[in-house]
>>> print(open('structure-v5.cif').read())   # mmCIF, C-alpha atoms and all ligand atoms
data_upload
#
loop_
_atom_site.label_atom_id
_atom_site.label_comp_id
_atom_site.auth_asym_id
_atom_site.auth_seq_id
_atom_site.Cartn_x
_atom_site.Cartn_y
_atom_site.Cartn_z
CA MET A 1 128.64 62.93 -84.07
CA THR A 2 124.97 61.93 -84.18
CA ALA A 3 124.29 58.35 -85.21
CA LEU A 4 121.34 56.06 -85.84
CA ILE A 5 121.31 52.32 -86.56
CA VAL A 6 118.53 50.73 -88.60
CA CYS A 7 118.49 46.96 -88.05
CA THR A 8 116.27 44.07 -89.13
CA SER A 9 116.89 41.00 -86.96
CA VAL A 10 114.16 38.39 -87.26
CA SER A 11 115.76 34.96 -87.03
CA HIS A 12 117.69 34.71 -83.74
CA GLY A 13 118.40 38.33 -82.83
CA ASN A 14 121.99 37.82 -84.00
CA THR A 15 122.24 41.08 -85.91
CA ARG A 16 120.50 43.01 -83.15
CA ARG A 17 123.21 41.92 -80.69
CA VAL A 18 125.84 43.32 -83.04
CA ALA A 19 123.80 46.50 -83.59
CA ASP A 20 123.36 47.01 -79.85
CA VAL A 21 127.10 46.99 -79.08
CA MET A 22 127.79 49.31 -82.02
CA GLY A 23 125.00 51.54 -80.73
CA GLU A 24 126.58 51.67 -77.26
CA VAL A 25 129.89 52.83 -78.75
CA LEU A 26 128.28 55.41 -81.05
CA GLY A 27 125.61 56.58 -78.62
CA ALA A 28 123.11 55.59 -81.28
CA ARG A 29 119.49 54.50 -81.04
CA VAL A 30 118.89 51.11 -82.70
CA VAL A 31 115.56 50.90 -84.56
CA ALA A 32 113.72 48.52 -86.86
CA PRO A 33 112.73 49.96 -90.25
CA ASP A 34 109.10 50.33 -89.14
CA GLU A 35 110.15 52.35 -86.08
CA VAL A 36 111.62 55.30 -87.95
CA ASP A 37 110.44 57.79 -90.56
CA PRO A 38 112.81 57.61 -93.57
CA ALA A 39 112.81 61.43 -93.70
CA GLU A 40 114.28 61.51 -90.16
CA LEU A 41 117.56 59.95 -91.28
CA SER A 42 118.83 63.16 -92.86
CA SER A 43 119.20 64.65 -89.36
CA TYR A 44 122.04 62.21 -88.46
CA ASP A 45 125.76 62.48 -89.28
CA ILE A 46 126.04 58.73 -89.82
CA VAL A 47 123.51 55.93 -90.22
CA GLY A 48 124.14 52.17 -89.96
CA PHE A 49 122.08 49.66 -91.93
CA GLY A 50 122.17 45.97 -91.03
CA SER A 51 120.36 42.64 -91.09
CA GLY A 52 120.93 38.92 -91.27
CA ILE A 53 121.50 37.44 -94.72
CA PHE A 54 118.62 35.48 -96.22
CA ASN A 55 119.03 33.62 -99.50
CA MET A 56 122.15 35.65 -100.27
CA SER A 57 120.57 39.01 -99.66
CA PHE A 58 119.89 41.50 -96.88
CA HIS A 59 116.43 41.12 -95.36
CA PRO A 60 113.65 42.45 -97.65
CA ASP A 61 112.32 44.77 -94.88
CA LEU A 62 115.67 46.58 -94.77
CA LEU A 63 115.98 46.75 -98.57
CA LYS A 64 112.42 48.14 -98.91
CA PHE A 65 113.22 50.75 -96.26
CA VAL A 66 116.35 51.83 -98.15
CA ASP A 67 114.34 52.11 -101.36
CA ARG A 68 111.93 54.48 -99.55
CA LEU A 69 114.68 56.84 -98.38
CA PRO A 70 114.55 60.34 -99.85
CA ASP A 71 117.17 61.13 -102.51
CA GLY A 72 120.09 63.49 -101.86
CA ALA A 73 120.95 62.36 -98.32
CA SER A 74 124.53 63.70 -98.27
CA ALA A 75 125.41 61.74 -95.08
CA ARG A 76 127.78 58.96 -94.12
CA ALA A 77 126.61 55.38 -93.71
CA PHE A 78 127.90 51.95 -92.76
CA VAL A 79 126.57 48.51 -93.56
CA PHE A 80 126.71 45.38 -91.38
CA CYS A 81 125.38 41.86 -91.45
CA THR A 82 125.48 38.49 -89.72
CA SER A 83 125.40 35.28 -91.72
CA GLY A 84 126.21 31.61 -91.68
CA PHE A 85 128.87 32.02 -94.33
CA PRO A 86 131.15 34.75 -95.64
CA GLU A 87 129.89 36.76 -98.59
CA PRO A 88 130.52 34.79 -101.81
CA ALA A 89 132.37 36.51 -104.65
CA VAL A 90 129.53 35.61 -107.00
CA ARG A 91 126.93 37.51 -104.98
CA ARG A 92 128.30 40.66 -103.30
CA TYR A 93 125.26 41.60 -101.23
CA THR A 94 127.16 44.21 -99.19
CA HIS A 95 128.17 45.92 -102.47
CA ASN A 96 124.56 45.73 -103.60
CA LEU A 97 123.26 47.47 -100.44
CA SER A 98 126.11 50.00 -100.51
CA GLY A 99 125.19 50.78 -104.13
CA ARG A 100 121.54 51.31 -103.22
CA LEU A 101 122.59 53.65 -100.42
CA ALA A 102 125.00 55.52 -102.71
CA SER A 103 122.15 56.09 -105.15
CA LYS A 104 120.32 57.85 -102.28
CA GLY A 105 123.33 60.08 -101.62
CA TYR A 106 124.98 58.14 -98.77
CA ASP A 107 128.74 57.77 -98.58
CA VAL A 108 129.21 54.19 -97.31
CA ILE A 109 132.47 54.36 -95.39
CA ASP A 110 132.79 50.81 -94.06
CA VAL A 111 131.25 47.34 -93.87
CA PHE A 112 131.16 44.85 -90.98
CA SER A 113 130.25 41.19 -91.17
CA CYS A 114 130.48 38.23 -88.80
CA ARG A 115 129.40 34.61 -88.64
CA SER A 116 126.34 33.76 -86.61
CA PHE A 117 123.96 31.04 -85.47
CA ASP A 118 122.34 29.76 -88.65
CA THR A 119 119.31 27.45 -88.79
CA TRP A 120 118.70 27.59 -92.54
CA TRP A 121 116.88 24.33 -93.39
CA PRO A 122 119.88 22.20 -94.53
CA PHE A 123 121.45 22.77 -91.08
CA LYS A 124 118.28 22.46 -88.99
CA PRO A 125 118.40 18.64 -88.56
CA PHE A 126 121.84 19.11 -86.93
CA GLY A 127 120.68 21.95 -84.68
CA GLY A 128 122.20 24.66 -86.88
CA ILE A 129 125.76 25.91 -87.25
CA HIS A 130 127.81 28.47 -85.26
CA LYS A 131 125.55 28.01 -82.22
CA ASP A 132 127.62 30.29 -79.99
CA ARG A 133 127.98 33.20 -82.41
CA PRO A 134 128.11 36.13 -82.43
CA ASN A 135 130.44 35.43 -79.51
CA ASP A 136 132.44 37.77 -77.27
CA ALA A 137 135.20 38.11 -79.87
CA ASP A 138 132.64 38.99 -82.58
CA LEU A 139 131.05 41.62 -80.34
CA ASP A 140 134.49 43.03 -79.48
CA ALA A 141 135.21 43.25 -83.21
CA ALA A 142 131.88 45.07 -83.71
CA ARG A 143 132.80 47.54 -80.94
CA ALA A 144 136.23 48.13 -82.50
CA PHE A 145 134.60 48.68 -85.90
CA ALA A 146 132.24 51.28 -84.40
CA ARG A 147 135.14 53.09 -82.68
CA ARG A 148 136.97 53.42 -86.03
CA LEU A 149 134.00 55.04 -87.80
C1 LIG A 201 115.71 31.04 -94.33
C2 LIG A 201 117.17 31.40 -94.05
C3 LIG A 201 118.01 31.73 -95.10
C4 LIG A 201 119.37 32.03 -94.87
N1 LIG A 201 120.18 32.31 -95.93
C5 LIG A 201 121.51 32.53 -95.71
C6 LIG A 201 122.40 32.78 -96.80
O1 LIG A 201 122.01 32.84 -97.96
N2 LIG A 201 123.72 32.96 -96.54
C7 LIG A 201 124.23 32.89 -95.25
O2 LIG A 201 125.43 33.03 -95.08
N3 LIG A 201 123.39 32.72 -94.18
C8 LIG A 201 122.05 32.54 -94.38
N4 LIG A 201 121.20 32.35 -93.31
C9 LIG A 201 121.72 32.53 -91.92
C10 LIG A 201 121.36 33.93 -91.37
O3 LIG A 201 121.94 34.95 -92.17
C11 LIG A 201 121.88 34.09 -89.93
O4 LIG A 201 121.28 33.14 -89.07
C12 LIG A 201 121.67 35.51 -89.43
O5 LIG A 201 122.50 35.73 -88.31
C13 LIG A 201 120.23 35.81 -89.04
O6 LIG A 201 120.19 37.09 -88.50
P1 LIG A 201 119.12 37.55 -87.40
O7 LIG A 201 119.12 36.54 -86.27
O8 LIG A 201 119.60 38.90 -86.97
O9 LIG A 201 117.81 37.63 -88.14
C14 LIG A 201 119.86 32.04 -93.53
C15 LIG A 201 118.99 31.73 -92.47
C16 LIG A 201 117.66 31.42 -92.72
C17 LIG A 201 116.76 31.07 -91.54
#
>>> encode(input="structure-v5.cif", output="structure tokens")
Amino acid sequence: MTALIVCTSVSHGNTRRVADVMGEVLGARVVAPDEVDPAELSSYDIVGFGSGIFNMSFHPDLLKFVDRLPDGASARAFVFCTSGFPEPAVRRYTHNLSGRLASKGYDVIDVFSCRSFDTWWPFKPFGGIHKDRPNDADLDAARAFARRL
């Protein structure tokens, strides 16, 4: 199975750490959106798309990249994110990204999410929350997720 992981990780490298362990399991290259030609993605059996969550959404660089993908992909995909809080029912950002990918022809087979070091401004005066995450257990969960794909 050929795999590629497209990851935007700009805040603390939290999502990149998750992407890297998934990439080790899948034998996949991990790239930022500006490091890969969208047309290249059709040559992979499965593609992962992930970023941190910013203002209840995936990072704009990742979303813009997905919007530039050619239609009719006919490939499998997975979505992953790191965030300070679990996804709220009122704003299903993983569903939103999965829907965008489905509109490009991707079959999104699974989603992974974990808590992570978060220095969004309300938490900054206290040094942020979840300082030690993603931790070993989170990275083990990411590896297990990748093995199941
Ligand atoms: C400006 C800003 C906005 C954020 N907004 C959210 C949010 O809406 N929901 C949430 O759960 N976490 C939020 N976070 C926390 C990030 O999602 C978290 O730190 C993530 O792991 C960053 O990923 P990265 O280090 O890979 O860029 C925010 C962080 C920053 C700095």
>>> closest_residue(input="structure-v5.cif", among="A:Met1, A:Ile129, A:Leu63, A:Val10", to="Gly27 (chain A)", atoms="all atoms listed in the file")
A:Met1
>>> closest_atom_pairs(input="structure-v5.cif", of="chain A", to="ligand LIG 201 (chain A)", cutoff="10 Å", atoms="all atoms listed in the file", output="JSON lines")
{"residue": "A:Cys7", "atom": "CA", "partner": "A:LIG201", "partner_atom": "O8", "distance": 8.2}
{"residue": "A:Thr8", "atom": "CA", "partner": "A:LIG201", "partner_atom": "O8", "distance": 6.5}
{"residue": "A:Ser9", "atom": "CA", "partner": "A:LIG201", "partner_atom": "O8", "distance": 3.4}
{"residue": "A:Val10", "atom": "CA", "partner": "A:LIG201", "partner_atom": "O9", "distance": 3.8}
{"residue": "A:Ser11", "atom": "CA", "partner": "A:LIG201", "partner_atom": "O9", "distance": 3.5}
{"residue": "A:His12", "atom": "CA", "partner": "A:LIG201", "partner_atom": "O7", "distance": 3.4}
{"residue": "A:Gly13", "atom": "CA", "partner": "A:LIG201", "partner_atom": "O7", "distance": 3.9}
{"residue": "A:Asn14", "atom": "CA", "partner": "A:LIG201", "partner_atom": "O7", "distance": 3.9}
{"residue": "A:Thr15", "atom": "CA", "partner": "A:LIG201", "partner_atom": "O8", "distance": 3.6}
{"residue": "A:Arg16", "atom": "CA", "partner": "A:LIG201", "partner_atom": "O8", "distance": 5.7}
{"residue": "A:Arg17", "atom": "CA", "partner": "A:LIG201", "partner_atom": "O8", "distance": 7.8}
{"residue": "A:Val18", "atom": "CA", "partner": "A:LIG201", "partner_atom": "O8", "distance": 8.6}
{"residue": "A:Ala19", "atom": "CA", "partner": "A:LIG201", "partner_atom": "O8", "distance": 9.3}
{"residue": "A:Gly50", "atom": "CA", "partner": "A:LIG201", "partner_atom": "O8", "distance": 8.5}
{"residue": "A:Ser51", "atom": "CA", "partner": "A:LIG201", "partner_atom": "O8", "distance": 5.6}
{"residue": "A:Gly52", "atom": "CA", "partner": "A:LIG201", "partner_atom": "O6", "distance": 3.4}
{"residue": "A:Ile53", "atom": "CA", "partner": "A:LIG201", "partner_atom": "O3", "distance": 3.6}
{"residue": "A:Phe54", "atom": "CA", "partner": "A:LIG201", "partner_atom": "N1", "distance": 3.5}
{"residue": "A:Asn55", "atom": "CA", "partner": "A:LIG201", "partner_atom": "O1", "distance": 3.4}
{"residue": "A:Met56", "atom": "CA", "partner": "A:LIG201", "partner_atom": "O1", "distance": 3.6}
{"residue": "A:Ser57", "atom": "CA", "partner": "A:LIG201", "partner_atom": "O1", "distance": 6.6}
{"residue": "A:Phe58", "atom": "CA", "partner": "A:LIG201", "partner_atom": "O3", "distance": 8.3}
{"residue": "A:His59", "atom": "CA", "partner": "A:LIG201", "partner_atom": "O9", "distance": 8.1}
{"residue": "A:Cys81", "atom": "CA", "partner": "A:LIG201", "partner_atom": "O5", "distance": 7.5}
{"residue": "A:Thr82", "atom": "CA", "partner": "A:LIG201", "partner_atom": "O5", "distance": 4.3}
{"residue": "A:Ser83", "atom": "CA", "partner": "A:LIG201", "partner_atom": "O3", "distance": 3.5}
{"residue": "A:Gly84", "atom": "CA", "partner": "A:LIG201", "partner_atom": "O2", "distance": 3.8}
{"residue": "A:Phe85", "atom": "CA", "partner": "A:LIG201", "partner_atom": "O2", "distance": 3.7}
{"residue": "A:Pro86", "atom": "CA", "partner": "A:LIG201", "partner_atom": "O2", "distance": 6.0}
{"residue": "A:Glu87", "atom": "CA", "partner": "A:LIG201", "partner_atom": "O2", "distance": 6.8}
{"residue": "A:Pro88", "atom": "CA", "partner": "A:LIG201", "partner_atom": "O2", "distance": 8.6}
{"residue": "A:Arg91", "atom": "CA", "partner": "A:LIG201", "partner_atom": "O1", "distance": 9.8}
{"residue": "A:Tyr93", "atom": "CA", "partner": "A:LIG201", "partner_atom": "O1", "distance": 9.9}
{"residue": "A:Ser113", "atom": "CA", "partner": "A:LIG201", "partner_atom": "O5", "distance": 9.9}
{"residue": "A:Cys114", "atom": "CA", "partner": "A:LIG201", "partner_atom": "O5", "distance": 8.4}
{"residue": "A:Arg115", "atom": "CA", "partner": "A:LIG201", "partner_atom": "O5", "distance": 7.0}
{"residue": "A:Ser116", "atom": "CA", "partner": "A:LIG201", "partner_atom": "O5", "distance": 4.6}
{"residue": "A:Phe117", "atom": "CA", "partner": "A:LIG201", "partner_atom": "O4", "distance": 5.0}
{"residue": "A:Asp118", "atom": "CA", "partner": "A:LIG201", "partner_atom": "O4", "distance": 3.6}
{"residue": "A:Thr119", "atom": "CA", "partner": "A:LIG201", "partner_atom": "C17", "distance": 5.2}
{"residue": "A:Trp120", "atom": "CA", "partner": "A:LIG201", "partner_atom": "C16", "distance": 4.0}
{"residue": "A:Trp121", "atom": "CA", "partner": "A:LIG201", "partner_atom": "C1", "distance": 6.9}
{"residue": "A:Pro122", "atom": "CA", "partner": "A:LIG201", "partner_atom": "C2", "distance": 9.6}
{"residue": "A:Phe123", "atom": "CA", "partner": "A:LIG201", "partner_atom": "C15", "distance": 9.4}
{"residue": "A:Lys124", "atom": "CA", "partner": "A:LIG201", "partner_atom": "C17", "distance": 9.1}
{"residue": "A:Gly128", "atom": "CA", "partner": "A:LIG201", "partner_atom": "O4", "distance": 8.8}
{"residue": "A:Ile129", "atom": "CA", "partner": "A:LIG201", "partner_atom": "O4", "distance": 8.7}
{"residue": "A:His130", "atom": "CA", "partner": "A:LIG201", "partner_atom": "O4", "distance": 8.9}
{"residue": "A:Lys131", "atom": "CA", "partner": "A:LIG201", "partner_atom": "O4", "distance": 9.6}
{"residue": "A:Arg133", "atom": "CA", "partner": "A:LIG201", "partner_atom": "O5", "distance": 8.4}
{"residue": "A:Pro134", "atom": "CA", "partner": "A:LIG201", "partner_atom": "O5", "distance": 8.1}
>>> residues_around(input="structure-v5.cif", residues="Ala3 (chain A)", least_positions_apart="4", cutoff="9 Å", atoms="all atoms listed in the file", output="PyMOL selection string")
chain A and resi 23+26-29+44-48
>>> atom_distance(input="structure-v5.cif", atom1="CA of Leu97 (chain A)", atom2="CA of Val79 (chain A)")
7.7 Å
>>> residues_around(input="structure-v5.cif", residues="Leu139 (chain A)", least_positions_apart="3", cutoff="9 Å", atoms="all atoms listed in the file", output="number ranges by chain")
A: 17-18, 21-22, 134-136, 142-144
>>> atom_distance(input="structure-v5.cif", atom1="CA of Val111 (chain A)", atom2="CA of Asp20 (chain A)")
16.1 Å
>>> atom_distance(input="structure-v5.cif", atom1="CA of Ala77 (chain A)", atom2="CA of Glu24 (chain A)")
16.9 Å
>>> closest_residue(input="structure-v5.cif", among="A:Ala32, A:Ala146, A:Leu69, A:Leu41", to="Leu4 (chain A)", atoms="all atoms listed in the file")
A:Leu41
>>> residues_near_point(input="structure-v5.cif", point="(115.2, 53.2, -95.3)", cutoff="12 Å", atoms="all atoms listed in the file", output="PyMOL selection string")
chain A and resi 4-8+31-42+47-50+60-71+73+77+97+100-101+104+106
>>> build_atoms(input="structure-v5.cif", residues="region 76-87 of chain A", atoms="all heavy atoms", output="compact mmCIF listing (two decimals), keeping the file's coordinate frame")
# COMPACT_ATOMS: atom_id res chain seq x y z
N ARG A 76 126.97 60.17 -94.11
CA ARG A 76 127.78 58.96 -94.12
C ARG A 76 126.95 57.78 -93.65
O ARG A 76 125.96 57.94 -92.93
CB ARG A 76 129.00 59.14 -93.24
CG ARG A 76 129.99 60.18 -93.81
CD ARG A 76 131.25 60.25 -93.00
NE ARG A 76 130.93 60.56 -91.61
CZ ARG A 76 131.73 60.25 -90.59
NH1 ARG A 76 132.87 59.61 -90.80
NH2 ARG A 76 131.40 60.57 -89.36
N ALA A 77 127.34 56.59 -94.09
CA ALA A 77 126.61 55.38 -93.71
C ALA A 77 127.59 54.24 -93.52
O ALA A 77 128.74 54.30 -93.98
CB ALA A 77 125.59 55.02 -94.79
N PHE A 78 127.16 53.21 -92.78
CA PHE A 78 127.90 51.95 -92.76
C PHE A 78 126.89 50.81 -92.86
O PHE A 78 125.70 50.97 -92.57
CB PHE A 78 128.80 51.83 -91.52
CG PHE A 78 128.07 51.83 -90.21
CD1 PHE A 78 127.73 50.63 -89.58
CD2 PHE A 78 127.75 53.01 -89.57
CE1 PHE A 78 127.09 50.61 -88.36
CE2 PHE A 78 127.09 53.01 -88.35
CZ PHE A 78 126.76 51.81 -87.73
N VAL A 79 127.41 49.68 -93.29
CA VAL A 79 126.57 48.51 -93.56
C VAL A 79 127.12 47.35 -92.73
O VAL A 79 128.33 47.23 -92.58
CB VAL A 79 126.64 48.20 -95.08
CG1 VAL A 79 126.21 46.79 -95.39
CG2 VAL A 79 125.84 49.22 -95.88
N PHE A 80 126.23 46.55 -92.15
CA PHE A 80 126.71 45.38 -91.38
C PHE A 80 125.73 44.23 -91.53
O PHE A 80 124.54 44.43 -91.82
CB PHE A 80 126.93 45.75 -89.90
CG PHE A 80 125.69 46.19 -89.18
CD1 PHE A 80 125.01 45.31 -88.34
CD2 PHE A 80 125.19 47.47 -89.33
CE1 PHE A 80 123.86 45.71 -87.66
CE2 PHE A 80 124.03 47.88 -88.66
CZ PHE A 80 123.38 47.00 -87.82
N CYS A 81 126.25 43.02 -91.35
CA CYS A 81 125.38 41.86 -91.45
C CYS A 81 125.94 40.72 -90.62
O CYS A 81 127.12 40.71 -90.24
CB CYS A 81 125.23 41.42 -92.91
SG CYS A 81 126.75 40.90 -93.71
N THR A 82 125.05 39.77 -90.29
CA THR A 82 125.48 38.49 -89.72
C THR A 82 124.99 37.41 -90.67
O THR A 82 123.94 37.55 -91.31
CB THR A 82 124.88 38.25 -88.32
OG1 THR A 82 123.45 38.17 -88.42
CG2 THR A 82 125.27 39.36 -87.36
N SER A 83 125.76 36.33 -90.76
CA SER A 83 125.40 35.28 -91.72
C SER A 83 126.11 33.99 -91.37
O SER A 83 127.14 34.00 -90.67
CB SER A 83 125.78 35.71 -93.14
OG SER A 83 127.16 35.97 -93.23
N GLY A 84 125.59 32.90 -91.90
CA GLY A 84 126.21 31.61 -91.68
C GLY A 84 127.55 31.50 -92.36
O GLY A 84 128.48 30.85 -91.86
N PHE A 85 127.67 32.14 -93.51
CA PHE A 85 128.87 32.02 -94.33
C PHE A 85 129.38 33.39 -94.76
O PHE A 85 128.60 34.34 -94.81
CB PHE A 85 128.57 31.18 -95.60
CG PHE A 85 128.25 29.76 -95.27
CD1 PHE A 85 126.94 29.37 -95.06
CD2 PHE A 85 129.25 28.81 -95.13
CE1 PHE A 85 126.64 28.06 -94.72
CE2 PHE A 85 128.97 27.50 -94.79
CZ PHE A 85 127.65 27.13 -94.59
N PRO A 86 130.65 33.48 -95.11
CA PRO A 86 131.15 34.75 -95.64
C PRO A 86 130.46 35.07 -96.97
O PRO A 86 129.95 34.17 -97.65
CB PRO A 86 132.65 34.48 -95.88
CG PRO A 86 132.97 33.23 -95.16
CD PRO A 86 131.70 32.45 -95.04
N GLU A 87 130.50 36.32 -97.34
CA GLU A 87 129.89 36.76 -98.59
C GLU A 87 130.59 36.09 -99.78
O GLU A 87 131.81 36.20 -99.91
CB GLU A 87 130.05 38.27 -98.69
CG GLU A 87 129.44 38.89 -99.89
CD GLU A 87 129.56 40.42 -99.83
OE1 GLU A 87 130.67 40.92 -99.58
OE2 GLU A 87 128.56 41.08 -100.04
